[in-house]
Amino acid sequence: METNHRSGFVNIVGNPNVGKSTLMNDLVGERVSIITSKAQTTRHRIMGIVNAPDYQIVFSDTPGVLAPKYKLQESMLNFSEGALTDADILLYVTDVIEDPTKNSDFLAKVAKEKVPVLLVINKIDLLKGQSDLETIVMRWKELLPNAEVFPTSAKEHFNVNNLMARIVSLLPECPPYFGKDALTDKPARFFVTEIIREKILINYDKEVPYSTEVIVEKFDESDDSIHIMAVIYVERDSQKGILIGKGGAMLKRVGMDARKDIEAFFGKRVYLELFVKVEPNWRNRENKLKAFGYIE
């Protein structure tokens with residue numbers, strides 16, 4: 001065992017839309033989680049790994065906690081609740097707008113945690129003055145009395161370095177869990193599907209983004225390029241029409257936006273082909289959720 005090497009699992013939990021993915025990407029220093037202004041952007045538990053000579057931090061971004069309306073959301077909640085059971089350090093992320101009593105059942109579980117809990121109050125750049133922050137901190141201290149509080153702005157990178165230093169100091173002595181060159185536990189294809197899904201979330205409204213799933217069917221990589229074929233699944237024919245758009249214009253826009261980001265992610269030229277298929281009611285079908293990686 002390496003002497004004085006520290007390693008640990010740092011799990012990021014909280015309600016939807018408080019900035020968990022923005023914070024994770026800032027802490028990891030890479031774009032591992034997709035970010036949009038819409039709730040429920042993160043559907044999986046995504047690991048981002050930070051390596052230094054004397055430590056390794058395995059961050060996990062999790063879906064926002066919400067009362068499930070269909071089977072997909074049940075599996076998303078399972079990812080979030082699972083993050084409470086295997087953490088060495090827990091980051092509970094909230095923001096300056098959120099009602100602290102929201103999802104009180106989940107919060108009560110966090111309050112009972114034996115591992116260190118760091119309460120991150122995000123988006124403090126939206127506050128007018130110091131007294132507002134003090135009021136918010138006092139309210140949260142009543143709910144999570146054992147937590148250490150870190151007011152931050154992940155978007156502005158404010159106080160994130162202090163948070164990181166505290167995480168490092170709390171890591172248990174342990175050899176690394178992953179190779180020292182690892183960035184994530186997810187395969188390359190996963191990031192392709194997430195980038196395409198991000199562009200769908202940005203370009204479409206209402207139910208369409210939440211009814212889509214992306215599967216990469218072909219990923220042929222050479223030294224200087226990657227040929228990718230991906231299928232976007234929707235639940236209804238009407239959604240397929242909206243997704244494709246008049247004369248294929250909308251799907252073409254999604255493809256162009258996604259290709260640019262995929263090229264930046266892999267540092268190679270990318271050929272991206274997108275197809276749309278209808279898979280009725282997939283969010284409530286267990287066999288489909290298994291095939292799409294939501295249920296093990």
# chains A, B, ... in the order shown; residues from 1 in each chain; ligands from 1

$ select_by_dssp --residues "stretch 65-131 of chain A" --states "alpha helix (DSSP H)" --output "list in words"
Lys71, Leu72, Gln73, Glu74, Ser75, Met76, Leu77, Asn78, Phe79, Ser80, Glu81, Gly82, Ser104, Asp105, Phe106, Leu107, Ala108, Lys109, Val110, Ala111, Gln130 and Ser131 of chain A

$ residues_around --residues "A:Val115" --least-positions-apart "5" --cutoff "9 Å" --atoms "only C-alpha atoms" --output "ChimeraX atom specification"
/A:87-90

$ write_last_selection --atoms "N, CA and C atoms" --output "short mmCIF file (atom, residue, chain, number, x, y, z; two decimals), in the first residue's frame"
data_model
loop_
_atom_site.label_atom_id
_atom_site.label_comp_id
_atom_site.auth_asym_id
_atom_site.auth_seq_id
_atom_site.Cartn_x
_atom_site.Cartn_y
_atom_site.Cartn_z
N ALA A 87 -20.75 6.56 0.32
CA ALA A 87 -19.91 7.76 0.27
C ALA A 87 -18.91 7.78 1.43
N ASP A 88 -17.71 8.28 1.15
CA ASP A 88 -16.78 8.64 2.22
C ASP A 88 -17.04 10.06 2.68
N ILE A 89 -17.47 10.89 1.73
CA ILE A 89 -17.84 12.29 2.01
C ILE A 89 -19.08 12.59 1.17
N LEU A 90 -20.03 13.30 1.75
CA LEU A 90 -21.26 13.64 1.03
C LEU A 90 -21.32 15.14 0.80
#

$ closest_residue --among "A:Leu201, A:Val120, A:Leu72, A:Ala108" --to "A:Asp95" --atoms "only C-alpha atoms"
A:Val120

$ atom_distance --atom1 "atom CA of A:Val270" --atom2 "atom CA of A:Arg236"
29.5 Å

$ residues_around --residues "A:Ile167" --least-positions-apart "2" --cutoff "9 Å" --atoms "only C-alpha atoms" --output "VMD selection string"
chain A and resid 10 57 89 118 162 to 165 169 to 171

$ closest_atom_pairs --of "stretch 241-281 of chain A" --to "stretch 211-219 of chain A" --cutoff "10 Å" --atoms "only C-alpha atoms" --output "JSON lines"
{"residue": "A:Leu243", "atom": "CA", "partner": "A:Thr212", "partner_atom": "CA", "distance": 9.5}
{"residue": "A:Tyr271", "atom": "CA", "partner": "A:Phe219", "partner_atom": "CA", "distance": 9.9}
{"residue": "A:Leu272", "atom": "CA", "partner": "A:Phe219", "partner_atom": "CA", "distance": 9.6}
{"residue": "A:Glu273", "atom": "CA", "partner": "A:Lys218", "partner_atom": "CA", "distance": 9.5}
{"residue": "A:Leu274", "atom": "CA", "partner": "A:Val216", "partner_atom": "CA", "distance": 9.3}
{"residue": "A:Phe275", "atom": "CA", "partner": "A:Val214", "partner_atom": "CA", "distance": 9.7}
{"residue": "A:Val276", "atom": "CA", "partner": "A:Val214", "partner_atom": "CA", "distance": 9.2}
{"residue": "A:Lys277", "atom": "CA", "partner": "A:Thr212", "partner_atom": "CA", "distance": 9.8}
{"residue": "A:Val278", "atom": "CA", "partner": "A:Thr212", "partner_atom": "CA", "distance": 9.4}
{"residue": "A:Glu279", "atom": "CA", "partner": "A:Thr212", "partner_atom": "CA", "distance": 9.4}
{"residue": "A:Pro280", "atom": "CA", "partner": "A:Ser211", "partner_atom": "CA", "distance": 9.7}
{"residue": "A:Asn281", "atom": "CA", "partner": "A:Ser211", "partner_atom": "CA", "distance": 8.5}

$ select_by_dssp --residues "stretch 40-242 of chain A" --states "strand (DSSP E or B)" --output "ChimeraX atom specification"
/A:46-52,55-61,89-95,117-122,148-151,153,158,173,213-221,225-234

$ closest_residue --among "A:Glu207, A:Asp132, A:Asp54, A:Glu263" --to "A:Glu173" --atoms "only C-alpha atoms"
A:Asp54

$ residues_around --residues "A:Glu148" --least-positions-apart "5" --cutoff "10 Å" --atoms "only C-alpha atoms" --output "ChimeraX atom specification"
/A:91,116-120,141,166

$ closest_residue --among "A:Ser225, A:Asn146, A:Thr62, A:Asn284" --to "A:Val13" --atoms "only C-alpha atoms"
A:Thr62

$ residues_around --residues "A:Pro151" --least-positions-apart "6" --cutoff "7 Å" --atoms "only C-alpha atoms" --output "list of chain:residue names"
A:Val120, A:Ile121, A:Asn122, A:Ile124

$ write_last_selection --atoms "C-alpha atoms" --output "PDB file, in the first residue's frame"
ATOM      1  CA  VAL A 120     -22.821  23.575  -0.501  1.00  0.00           C
ATOM      2  CA  ILE A 121     -25.055  26.640  -0.829  1.00  0.00           C
ATOM      3  CA  ASN A 122     -24.644  27.394  -4.524  1.00  0.00           C
ATOM      4  CA  ILE A 124     -24.584  33.019  -4.016  1.00  0.00           C
TER       5      ILE A 124
END

$ closest_residue --among "A:Ala249, A:Val168, A:Ala230, A:Val18" --to "A:Thr94" --atoms "only C-alpha atoms"
A:Val18

$ closest_residue --among "A:Asn25, A:Gln73, A:Ser7, A:Thr101" --to "A:Asn51" --atoms "only C-alpha atoms"
A:Ser7

$ atom_distance --atom1 "atom CA of A:Tyr92" --atom2 "atom CA of A:Ile46"
15.9 Å

$ residues_around --residues "A:Gly179" --least-positions-apart "5" --cutoff "12 Å" --atoms "only C-alpha atoms" --output "list of chain:residue names"
A:Ser7, A:Ile49, A:Val50, A:Asn51, A:Ala52, A:Pro53, A:Tyr55, A:Gln56, A:Ile57, A:Val58, A:Thr184, A:Asp185

$ residues_around --residues "A:Ala291" --least-positions-apart "3" --cutoff "12 Å" --atoms "only C-alpha atoms" --output "mmCIF file with N, CA and C atoms, in the first residue's frame"
data_model
loop_
_atom_site.group_PDB
_atom_site.id
_atom_site.type_symbol
_atom_site.label_atom_id
_atom_site.label_comp_id
_atom_site.auth_asym_id
_atom_site.auth_seq_id
_atom_site.Cartn_x
_atom_site.Cartn_y
_atom_site.Cartn_z
ATOM 1 N N GLU A 213 -34.425 9.033 -25.516
ATOM 2 C CA GLU A 213 -33.241 8.307 -25.052
ATOM 3 C C GLU A 213 -32.332 8.136 -26.261
ATOM 4 N N VAL A 214 -31.039 8.208 -26.046
ATOM 5 C CA VAL A 214 -30.085 8.105 -27.157
ATOM 6 C C VAL A 214 -29.239 6.852 -26.975
ATOM 7 N N ILE A 215 -29.119 6.064 -28.027
ATOM 8 C CA ILE A 215 -28.277 4.872 -28.003
ATOM 9 C C ILE A 215 -27.275 4.953 -29.159
ATOM 10 N N TRP A 282 -41.498 3.823 -23.357
ATOM 11 C CA TRP A 282 -40.270 3.172 -22.871
ATOM 12 C C TRP A 282 -39.924 3.537 -21.426
ATOM 13 N N ARG A 283 -40.349 4.721 -20.977
ATOM 14 C CA ARG A 283 -39.986 5.159 -19.619
ATOM 15 C C ARG A 283 -40.658 4.326 -18.518
ATOM 16 N N ARG A 285 -41.334 0.908 -19.145
ATOM 17 C CA ARG A 285 -41.150 -0.512 -19.475
ATOM 18 C C ARG A 285 -39.804 -1.011 -18.945
ATOM 19 N N GLU A 286 -39.896 -1.975 -18.037
ATOM 20 C CA GLU A 286 -38.694 -2.448 -17.357
ATOM 21 C C GLU A 286 -37.649 -3.004 -18.317
ATOM 22 N N ASN A 287 -38.096 -3.759 -19.324
ATOM 23 C CA ASN A 287 -37.122 -4.352 -20.263
ATOM 24 C C ASN A 287 -36.366 -3.270 -21.029
ATOM 25 N N LYS A 288 -37.064 -2.177 -21.358
ATOM 26 C CA LYS A 288 -36.406 -1.081 -22.076
ATOM 27 C C LYS A 288 -35.452 -0.316 -21.145
ATOM 28 N N TYR A 294 -30.667 1.776 -17.177
ATOM 29 C CA TYR A 294 -31.187 2.420 -15.965
ATOM 30 C C TYR A 294 -31.425 1.422 -14.841
ATOM 31 N N ILE A 295 -31.607 0.155 -15.194
ATOM 32 C CA ILE A 295 -31.828 -0.882 -14.187
ATOM 33 C C ILE A 295 -30.793 -1.970 -14.429
ATOM 34 N N GLU A 296 -30.140 -2.405 -13.360
ATOM 35 C CA GLU A 296 -29.126 -3.464 -13.527
ATOM 36 C C GLU A 296 -29.787 -4.831 -13.440
#

$ closest_residue --among "A:Met229, A:Val110, A:Met47, A:Ile202" --to "A:Arg253" --atoms "only C-alpha atoms"
A:Ile202

$ decode --residues "stretch 80-107 of chain A" --atoms "N, CA and C atoms" --output "mmCIF file, in the first residue's frame"
data_model
loop_
_atom_site.group_PDB
_atom_site.id
_atom_site.type_symbol
_atom_site.label_atom_id
_atom_site.label_comp_id
_atom_site.auth_asym_id
_atom_site.auth_seq_id
_atom_site.Cartn_x
_atom_site.Cartn_y
_atom_site.Cartn_z
ATOM 1 N N SER A 80 -29.749 8.235 -6.700
ATOM 2 C CA SER A 80 -29.504 9.274 -5.686
ATOM 3 C C SER A 80 -29.444 8.674 -4.286
ATOM 4 N N GLU A 81 -30.387 7.770 -3.983
ATOM 5 C CA GLU A 81 -30.404 7.172 -2.644
ATOM 6 C C GLU A 81 -29.222 6.228 -2.451
ATOM 7 N N GLY A 82 -28.809 5.555 -3.532
ATOM 8 C CA GLY A 82 -27.630 4.684 -3.467
ATOM 9 C C GLY A 82 -26.375 5.470 -3.117
ATOM 10 N N ALA A 83 -26.353 6.737 -3.532
ATOM 11 C CA ALA A 83 -25.183 7.587 -3.265
ATOM 12 C C ALA A 83 -25.011 7.879 -1.775
ATOM 13 N N LEU A 84 -26.075 7.687 -0.980
ATOM 14 C CA LEU A 84 -25.966 7.899 0.467
ATOM 15 C C LEU A 84 -25.270 6.727 1.148
ATOM 16 N N THR A 85 -25.291 5.559 0.495
ATOM 17 C CA THR A 85 -24.821 4.348 1.188
ATOM 18 C C THR A 85 -23.334 4.087 1.012
ATOM 19 N N ASP A 86 -22.713 4.642 -0.016
ATOM 20 C CA ASP A 86 -21.309 4.270 -0.281
ATOM 21 C C ASP A 86 -20.369 5.468 -0.365
ATOM 22 N N ALA A 87 -20.752 6.556 0.321
ATOM 23 C CA ALA A 87 -19.906 7.758 0.270
ATOM 24 C C ALA A 87 -18.912 7.776 1.427
ATOM 25 N N ASP A 88 -17.712 8.278 1.147
ATOM 26 C CA ASP A 88 -16.777 8.635 2.223
ATOM 27 C C ASP A 88 -17.042 10.063 2.682
ATOM 28 N N ILE A 89 -17.473 10.892 1.734
ATOM 29 C CA ILE A 89 -17.842 12.293 2.013
ATOM 30 C C ILE A 89 -19.084 12.587 1.172
ATOM 31 N N LEU A 90 -20.030 13.300 1.752
ATOM 32 C CA LEU A 90 -21.256 13.636 1.026
ATOM 33 C C LEU A 90 -21.317 15.141 0.805
ATOM 34 N N LEU A 91 -21.543 15.547 -0.441
ATOM 35 C CA LEU A 91 -21.784 16.963 -0.735
ATOM 36 C C LEU A 91 -23.279 17.124 -0.958
ATOM 37 N N TYR A 92 -23.942 17.821 -0.065
ATOM 38 C CA TYR A 92 -25.362 18.120 -0.280
ATOM 39 C C TYR A 92 -25.435 19.515 -0.876
ATOM 40 N N VAL A 93 -25.929 19.599 -2.115
ATOM 41 C CA VAL A 93 -25.934 20.884 -2.830
ATOM 42 C C VAL A 93 -27.345 21.470 -2.825
ATOM 43 N N THR A 94 -27.420 22.722 -2.409
ATOM 44 C CA THR A 94 -28.657 23.481 -2.506
ATOM 45 C C THR A 94 -28.294 24.823 -3.148
ATOM 46 N N ASP A 95 -29.249 25.740 -3.225
ATOM 47 C CA ASP A 95 -28.898 27.083 -3.725
ATOM 48 C C ASP A 95 -29.655 28.127 -2.918
ATOM 49 N N VAL A 96 -29.476 29.379 -3.275
ATOM 50 C CA VAL A 96 -30.041 30.461 -2.451
ATOM 51 C C VAL A 96 -31.535 30.676 -2.700
ATOM 52 N N ILE A 97 -32.097 29.973 -3.697
ATOM 53 C CA ILE A 97 -33.510 30.154 -4.044
ATOM 54 C C ILE A 97 -34.376 29.068 -3.417
ATOM 55 N N GLU A 98 -33.778 27.889 -3.233
ATOM 56 C CA GLU A 98 -34.546 26.702 -2.887
ATOM 57 C C GLU A 98 -35.177 26.770 -1.490
ATOM 58 N N ASP A 99 -36.380 26.220 -1.377
ATOM 59 C CA ASP A 99 -37.037 26.064 -0.087
ATOM 60 C C ASP A 99 -36.373 24.895 0.656
ATOM 61 N N PRO A 100 -35.756 25.145 1.819
ATOM 62 C CA PRO A 100 -35.032 24.087 2.521
ATOM 63 C C PRO A 100 -35.892 22.886 2.924
ATOM 64 N N THR A 101 -37.212 23.066 2.981
ATOM 65 C CA THR A 101 -38.072 21.948 3.404
ATOM 66 C C THR A 101 -38.465 21.030 2.240
ATOM 67 N N LYS A 102 -38.059 21.386 1.036
ATOM 68 C CA LYS A 102 -38.390 20.555 -0.132
ATOM 69 C C LYS A 102 -37.723 19.182 0.004
ATOM 70 N N ASN A 103 -38.455 18.125 -0.299
ATOM 71 C CA ASN A 103 -37.939 16.752 -0.201
ATOM 72 C C ASN A 103 -37.333 16.458 1.175
ATOM 73 N N SER A 104 -38.139 16.737 2.195
ATOM 74 C CA SER A 104 -37.650 16.610 3.581
ATOM 75 C C SER A 104 -37.296 15.165 3.947
ATOM 76 N N ASP A 105 -37.947 14.176 3.310
ATOM 77 C CA ASP A 105 -37.621 12.758 3.608
ATOM 78 C C ASP A 105 -36.166 12.460 3.266
ATOM 79 N N PHE A 106 -35.746 12.919 2.083
ATOM 80 C CA PHE A 106 -34.368 12.675 1.643
ATOM 81 C C PHE A 106 -33.397 13.438 2.546
ATOM 82 N N LEU A 107 -33.769 14.659 2.895
ATOM 83 C CA LEU A 107 -32.920 15.494 3.751
ATOM 84 C C LEU A 107 -32.734 14.851 5.133
#
